[in-house]
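Visitor: What follows is target14.pdb; its format and atoms are PDB, C-alpha atoms.
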```pdb
ATOM      1  CA  MET A  53     136.403  90.382 119.386
ATOM      2  CA  SER A  54     132.931  88.912 119.000
ATOM      3  CA  GLU A  55     130.531  89.964 116.294
ATOM      4  CA  PRO A  56     127.343  91.745 117.323
ATOM      5  CA  PRO A  57     124.302  89.470 117.268
ATOM      6  CA  GLY A  58     122.380  89.248 114.041
ATOM      7  CA  ARG A  59     118.769  90.254 113.552
ATOM      8  CA  ARG A  60     117.441  86.778 114.353
ATOM      9  CA  GLU A  61     119.413  86.571 117.615
ATOM     10  CA  ARG A  62     118.263  90.051 118.618
ATOM     11  CA  LYS A  63     114.629  89.126 117.962
ATOM     12  CA  LYS A  64     114.971  85.901 119.968
ATOM     13  CA  ALA A  65     116.563  87.787 122.856
ATOM     14  CA  ALA A  66     113.829  90.440 122.744
ATOM     15  CA  THR A  67     111.104  87.777 122.747
ATOM     16  CA  ARG A  68     112.750  85.981 125.665
ATOM     17  CA  GLN A  69     113.008  89.213 127.637
ATOM     18  CA  LYS A  70     109.405  90.151 126.843
ATOM     19  CA  ILE A  71     108.194  86.762 128.107
ATOM     20  CA  ALA A  72     110.307  87.011 131.273
ATOM     21  CA  ASP A  73     109.191  90.580 132.020
ATOM     22  CA  THR A  74     105.555  89.685 131.427
ATOM     23  CA  ALA A  75     105.776  86.605 133.637
ATOM     24  CA  LEU A  76     107.401  88.483 136.475
ATOM     25  CA  ARG A  77     104.831  91.269 136.325
ATOM     26  CA  LEU A  78     101.976  88.752 136.369
ATOM     27  CA  PHE A  79     103.548  86.713 139.193
ATOM     28  CA  LEU A  80     104.034  89.811 141.327
ATOM     29  CA  ASP A  81     100.564  91.204 140.551
ATOM     30  CA  ARG A  82      98.521  88.013 140.926
ATOM     31  CA  GLY A  83     100.766  85.650 142.857
ATOM     32  CA  TYR A  84     103.038  82.953 141.501
ATOM     33  CA  ASP A  85     100.592  80.074 142.022
ATOM     34  CA  ALA A  86      97.686  81.972 140.445
ATOM     35  CA  VAL A  87      99.436  82.426 137.089
ATOM     36  CA  GLY A  88      99.874  79.663 134.536
ATOM     37  CA  ILE A  89     102.066  79.388 131.475
ATOM     38  CA  ARG A  90      99.017  80.011 129.268
ATOM     39  CA  ASP A  91      98.408  83.297 131.104
ATOM     40  CA  VAL A  92     101.996  84.365 130.484
ATOM     41  CA  ALA A  93     101.823  83.375 126.810
ATOM     42  CA  ALA A  94      98.556  85.230 126.264
ATOM     43  CA  GLU A  95      99.753  88.372 128.005
ATOM     44  CA  ALA A  96     103.087  88.317 126.115
ATOM     45  CA  ASP A  97     101.202  87.643 122.860
ATOM     46  CA  VAL A  98     103.173  84.494 122.049
ATOM     47  CA  ALA A  99     102.286  80.820 121.754
ATOM     48  CA  VAL A 100     102.706  78.507 124.737
ATOM     49  CA  THR A 101     105.274  76.607 122.677
ATOM     50  CA  THR A 102     107.256  79.843 122.312
ATOM     51  CA  VAL A 103     107.354  80.224 126.092
ATOM     52  CA  PHE A 104     108.690  76.675 126.409
ATOM     53  CA  ALA A 105     111.186  77.273 123.598
ATOM     54  CA  HIS A 106     112.783  79.926 125.831
ATOM     55  CA  PHE A 107     112.096  78.551 129.326
ATOM     56  CA  ALA A 108     112.102  74.923 130.431
ATOM     57  CA  SER A 109     109.605  75.447 133.255
ATOM     58  CA  LYS A 110     107.408  77.960 135.015
ATOM     59  CA  GLU A 111     110.074  78.331 137.723
ATOM     60  CA  ALA A 112     112.684  79.183 135.090
ATOM     61  CA  LEU A 113     110.643  82.282 134.225
ATOM     62  CA  VAL A 114     111.390  83.688 137.675
ATOM     63  CA  PHE A 115     115.105  82.919 137.430
ATOM     64  CA  GLU A 116     115.566  84.100 133.852
ATOM     65  CA  ARG A 117     119.105  85.379 134.558
ATOM     66  CA  ASP A 118     120.230  81.928 135.729
ATOM     67  CA  GLN A 119     122.654  81.263 132.855
ATOM     68  CA  ASP A 120     124.155  84.738 133.130
ATOM     69  CA  PHE A 121     124.721  84.187 136.866
ATOM     70  CA  GLU A 122     126.553  80.917 136.284
ATOM     71  CA  GLN A 123     128.611  82.375 133.442
ATOM     72  CA  ARG A 124     129.687  85.358 135.536
ATOM     73  CA  LEU A 125     130.850  83.091 138.357
ATOM     74  CA  THR A 126     132.865  80.805 136.120
ATOM     75  CA  GLN A 127     134.331  83.771 134.229
ATOM     76  CA  ALA A 128     135.541  85.217 137.532
ATOM     77  CA  VAL A 129     137.814  82.162 137.546
ATOM     78  CA  THR A 130     138.610  81.702 133.876
ATOM     79  CA  ASP A 131     138.950  85.359 132.789
ATOM     80  CA  ARG A 132     141.188  86.645 135.580
ATOM     81  CA  GLN A 133     144.745  87.693 134.794
ATOM     82  CA  PRO A 134     147.366  84.883 134.936
ATOM     83  CA  HIS A 135     148.695  85.760 138.403
ATOM     84  CA  GLU A 136     145.591  87.456 139.807
ATOM     85  CA  PRO A 137     144.610  85.723 143.058
ATOM     86  CA  LEU A 138     141.467  83.636 142.776
ATOM     87  CA  ILE A 139     139.599  84.424 145.971
ATOM     88  CA  PRO A 140     139.580  88.251 145.603
ATOM     89  CA  ALA A 141     138.348  87.875 141.989
ATOM     90  CA  LEU A 142     135.569  85.538 143.063
ATOM     91  CA  HIS A 143     134.755  87.784 146.043
ATOM     92  CA  ARG A 144     134.332  90.826 143.756
ATOM     93  CA  GLU A 145     132.001  88.929 141.432
ATOM     94  CA  VAL A 146     129.834  87.584 144.258
ATOM     95  CA  GLN A 147     129.624  91.115 145.725
ATOM     96  CA  ALA A 148     128.442  92.430 142.334
ATOM     97  CA  LEU A 149     125.846  89.664 142.047
ATOM     98  CA  VAL A 150     124.622  90.386 145.580
ATOM     99  CA  ARG A 151     124.242  94.089 144.773
ATOM    100  CA  HIS A 152     121.913  93.042 141.956
ATOM    101  CA  CYS A 153     119.797  90.692 144.115
ATOM    102  CA  THR A 154     119.488  93.300 146.878
ATOM    103  CA  ALA A 155     118.944  96.342 144.657
ATOM    104  CA  GLU A 156     116.090  98.678 145.363
ATOM    105  CA  GLY A 157     112.823  97.082 144.291
ATOM    106  CA  SER A 158     114.063  93.487 144.655
ATOM    107  CA  GLY A 159     112.133  92.847 147.878
ATOM    108  CA  PRO A 160     108.844  91.693 146.293
ATOM    109  CA  LEU A 161     110.659  89.151 144.126
ATOM    110  CA  ARG A 162     112.638  87.782 147.096
ATOM    111  CA  ARG A 163     109.420  87.512 149.157
ATOM    112  CA  MET A 164     107.694  85.684 146.298
ATOM    113  CA  ILE A 165     110.554  83.176 146.072
ATOM    114  CA  GLU A 166     110.660  82.672 149.841
ATOM    115  CA  GLY A 167     106.876  82.187 149.907
ATOM    116  CA  SER A 168     106.810  79.439 147.271
ATOM    117  CA  PRO A 169     108.077  75.922 148.032
ATOM    118  CA  ALA A 170     108.421  75.263 144.286
ATOM    119  CA  LEU A 171     110.574  78.361 143.770
ATOM    120  CA  ARG A 172     112.730  77.656 146.838
ATOM    121  CA  GLU A 173     113.326  74.107 145.597
ATOM    122  CA  TYR A 174     114.174  75.342 142.103
ATOM    123  CA  GLU A 175     116.538  77.947 143.554
ATOM    124  CA  GLU A 176     118.323  75.257 145.596
ATOM    125  CA  SER A 177     118.736  72.997 142.559
ATOM    126  CA  MET A 178     120.084  75.984 140.622
ATOM    127  CA  SER A 179     122.555  76.686 143.408
ATOM    128  CA  LEU A 180     123.816  73.106 143.289
ATOM    129  CA  ARG A 181     124.274  73.337 139.520
ATOM    130  CA  HIS A 182     126.094  76.677 139.843
ATOM    131  CA  ALA A 183     128.390  75.181 142.487
ATOM    132  CA  GLN A 184     129.171  72.250 140.193
ATOM    133  CA  ALA A 185     130.005  74.562 137.284
ATOM    134  CA  LEU A 186     132.167  76.768 139.491
ATOM    135  CA  ALA A 187     133.946  73.726 140.976
ATOM    136  CA  ALA A 188     134.653  72.460 137.453
ATOM    137  CA  ALA A 189     136.145  75.839 136.487
ATOM    138  CA  LEU A 190     138.320  75.818 139.615
ATOM    139  CA  ALA A 191     139.488  72.251 139.028
ATOM    140  CA  ALA A 192     140.295  72.990 135.368
ATOM    141  CA  ASP A 193     142.576  75.915 136.189
ATOM    142  CA  PRO A 194     146.138  74.541 136.040
ATOM    143  CA  HIS A 195     147.480  77.420 138.175
ATOM    144  CA  LEU A 196     145.329  76.637 141.209
ATOM    145  CA  SER A 197     146.654  73.178 142.149
ATOM    146  CA  ARG A 198     143.915  72.216 144.601
ATOM    147  CA  SER A 199     142.149  68.924 145.194
ATOM    148  CA  ALA A 200     138.715  68.233 143.753
ATOM    149  CA  THR A 201     137.345  68.389 147.314
ATOM    150  CA  ALA A 202     138.852  71.845 147.889
ATOM    151  CA  CYS A 203     137.396  73.055 144.574
ATOM    152  CA  ARG A 204     133.931  71.676 145.339
ATOM    153  CA  ALA A 205     133.901  73.078 148.880
ATOM    154  CA  THR A 206     135.119  76.516 147.761
ATOM    155  CA  ALA A 207     132.507  76.647 145.024
ATOM    156  CA  ARG A 208     129.715  75.660 147.390
ATOM    157  CA  PHE A 209     130.827  78.216 149.987
ATOM    158  CA  ALA A 210     130.902  80.961 147.328
ATOM    159  CA  ILE A 211     127.349  80.082 146.258
ATOM    160  CA  ASP A 212     126.272  79.983 149.900
ATOM    161  CA  ALA A 213     127.858  83.409 150.461
ATOM    162  CA  TYR A 214     125.583  84.756 147.745
ATOM    163  CA  ALA A 215     122.481  83.039 149.154
ATOM    164  CA  LEU A 216     123.161  84.195 152.725
ATOM    165  CA  ALA A 217     123.891  87.763 151.636
ATOM    166  CA  CYS A 218     120.706  88.048 149.574
ATOM    167  CA  ARG A 219     118.732  87.409 152.770
ATOM    168  CA  ALA A 220     120.953  89.375 155.187
ATOM    169  CA  ASP A 221     120.374  92.741 156.822
ATOM    170  CA  ASP A 222     123.871  93.785 155.735
ATOM    171  CA  PRO A 223     124.564  91.918 152.467
ATOM    172  CA  GLY A 224     128.011  93.376 151.825
ATOM    173  CA  ALA A 225     129.282  92.574 155.301
ATOM    174  CA  THR A 226     127.890  89.054 154.984
ATOM    175  CA  VAL A 227     129.786  88.420 151.748
ATOM    176  CA  ASP A 228     132.958  89.864 153.271
ATOM    177  CA  GLU A 229     132.667  87.660 156.367
ATOM    178  CA  VAL A 230     132.048  84.472 154.405
ATOM    179  CA  PHE A 231     134.884  85.257 151.998
ATOM    180  CA  ARG A 232     137.321  85.719 154.889
ATOM    181  CA  MET A 233     136.482  82.121 155.835
ATOM    182  CA  ILE A 234     136.758  80.975 152.204
ATOM    183  CA  GLU A 235     140.165  82.659 151.869
ATOM    184  CA  ALA A 236     141.442  80.961 155.044
ATOM    185  CA  ALA A 237     140.177  77.558 153.912
ATOM    186  CA  TRP A 238     141.606  78.022 150.411
ATOM    187  CA  GLU A 239     145.010  78.954 151.808
ATOM    188  CA  ALA A 240     144.898  75.969 154.191
ATOM    189  CA  THR A 241     144.570  73.630 151.184
ATOM    190  CA  ALA A 242     147.618  75.012 149.372
ATOM    191  CA  PRO A 243     150.080  72.295 148.374
TER     192      PRO A 243
END
```
Can the structure in the file be given as structure tokens, please?

Guide:
Amino acid sequence: MSEPPGRRERKKAATRQKIADTALRLFLDRGYDAVGIRDVAAEADVAVTTVFAHFASKEALVFERDQDFEQRLTQAVTDRQPHEPLIPALHREVQALVRHCTAEGSGPLRRMIEGSPALREYEESMSLRHAQALAAALAADPHLSRSATACRATARFAIDAYALACRADDPGATVDEVFRMIEAAWEATAP
């Protein structure tokens, strides 16, 4: 059982969330390119250095749940029961993540990302990093017995399922369709 966060951790988390919420509001109100880090800092009533203490770049402000996303994917692998099949566990987690990215009110954010070359590039680099972390979790699981290539391909396909679904007319059906292909490929690589 983990201990609840202390006062300092709670304050840091609250400051981070305040900065992220402020940035997103400003980006959606004024446009991503029209807002600078100084604008975000001023509106959030923090120093520019405080913004950079929490976020490595302006793009990171838009994707503030990035670490949580990666952690949830890897935990779908590492936290499943000993004999729970991998692909259904990963499928459930990707479906849950897709529900978040397609929730009511998410359209303006998605349009902002799609309309900005910098944000699309950042999102792609994030996806590659997530796929690498997921592939590492797959490869480290001694019960899976798959090649490094199978782990990397499965991870990339899972990340792509998320990306395709977030832009699809029927996100749930898209995830289901891609995961049927992932399941078939995963089974084909069984030793």

Visitor: Could you state the separation of atom CA of A:Ala86 and atom CA of A:His152 in Å, given to one decimal place?

Guide: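 Interatomic distance, atom CA of A:Ala86 to atom CA of A:His152: 26.7 Å.
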
Visitor: Would you kindly return, as JSON, numbers by chain, each protein, DNA or RNA residue with an atom no farther than 9 Å from any atom of stretch 196-209 of chain A, considering only C-alpha atoms and excluding same-chain residues fewer than 6 positions away?

Guide: {"A": [138, 179, 180, 182, 183, 184, 185, 186, 187, 188, 189, 190, 230, 231, 234, 235, 237, 238, 241, 242, 243]}

Visitor: Which residues come within 12 Å of stretch 102-111 of chain A, counting only C-alpha atoms, excluding same-chain residues fewer than 5 positions away, as a PyMOL selection string?

Guide: chain A and resi 64-72+74-76+79+84-97+116-119+164-165+168-178

Visitor: Smallest atom-to-atom distance to A:Glu166: which of A:Ala215, A:Arg77, A:Phe121, A:His135, using all atoms listed in the file?

Guide: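 Looking only at the distances to A:Glu166, the closest residue turns out to be A:Ala215.
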
Visitor: Which value, in Å to one decimal, gives the distance between atom CA of A:Gln147 and atom CA of A:Asp228?

Guide: 8.3 Å

Visitor: As an exercise, work out the distance from atom CA of A:Ser158 to atom CA of A:Arg232 in Å and give it to one decimal place.

Guide: 26.6 Å

Visitor: Kindly indicate which residue among A:Leu142, A:Val129, A:Leu113, A:Asp120 lies nearest to A:Ile211, using only C-alpha atoms for the distances.

Guide: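 Distance minimum relative to A:Ile211 lands on A:Leu142.
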
Visitor: Could you check the closest approach to A:Ala225 for each of A:Val114, A:Arg151, A:Arg181, A:Arg163 and tell me which residue wins, using only C-alpha atoms?

Guide: A:Arg151
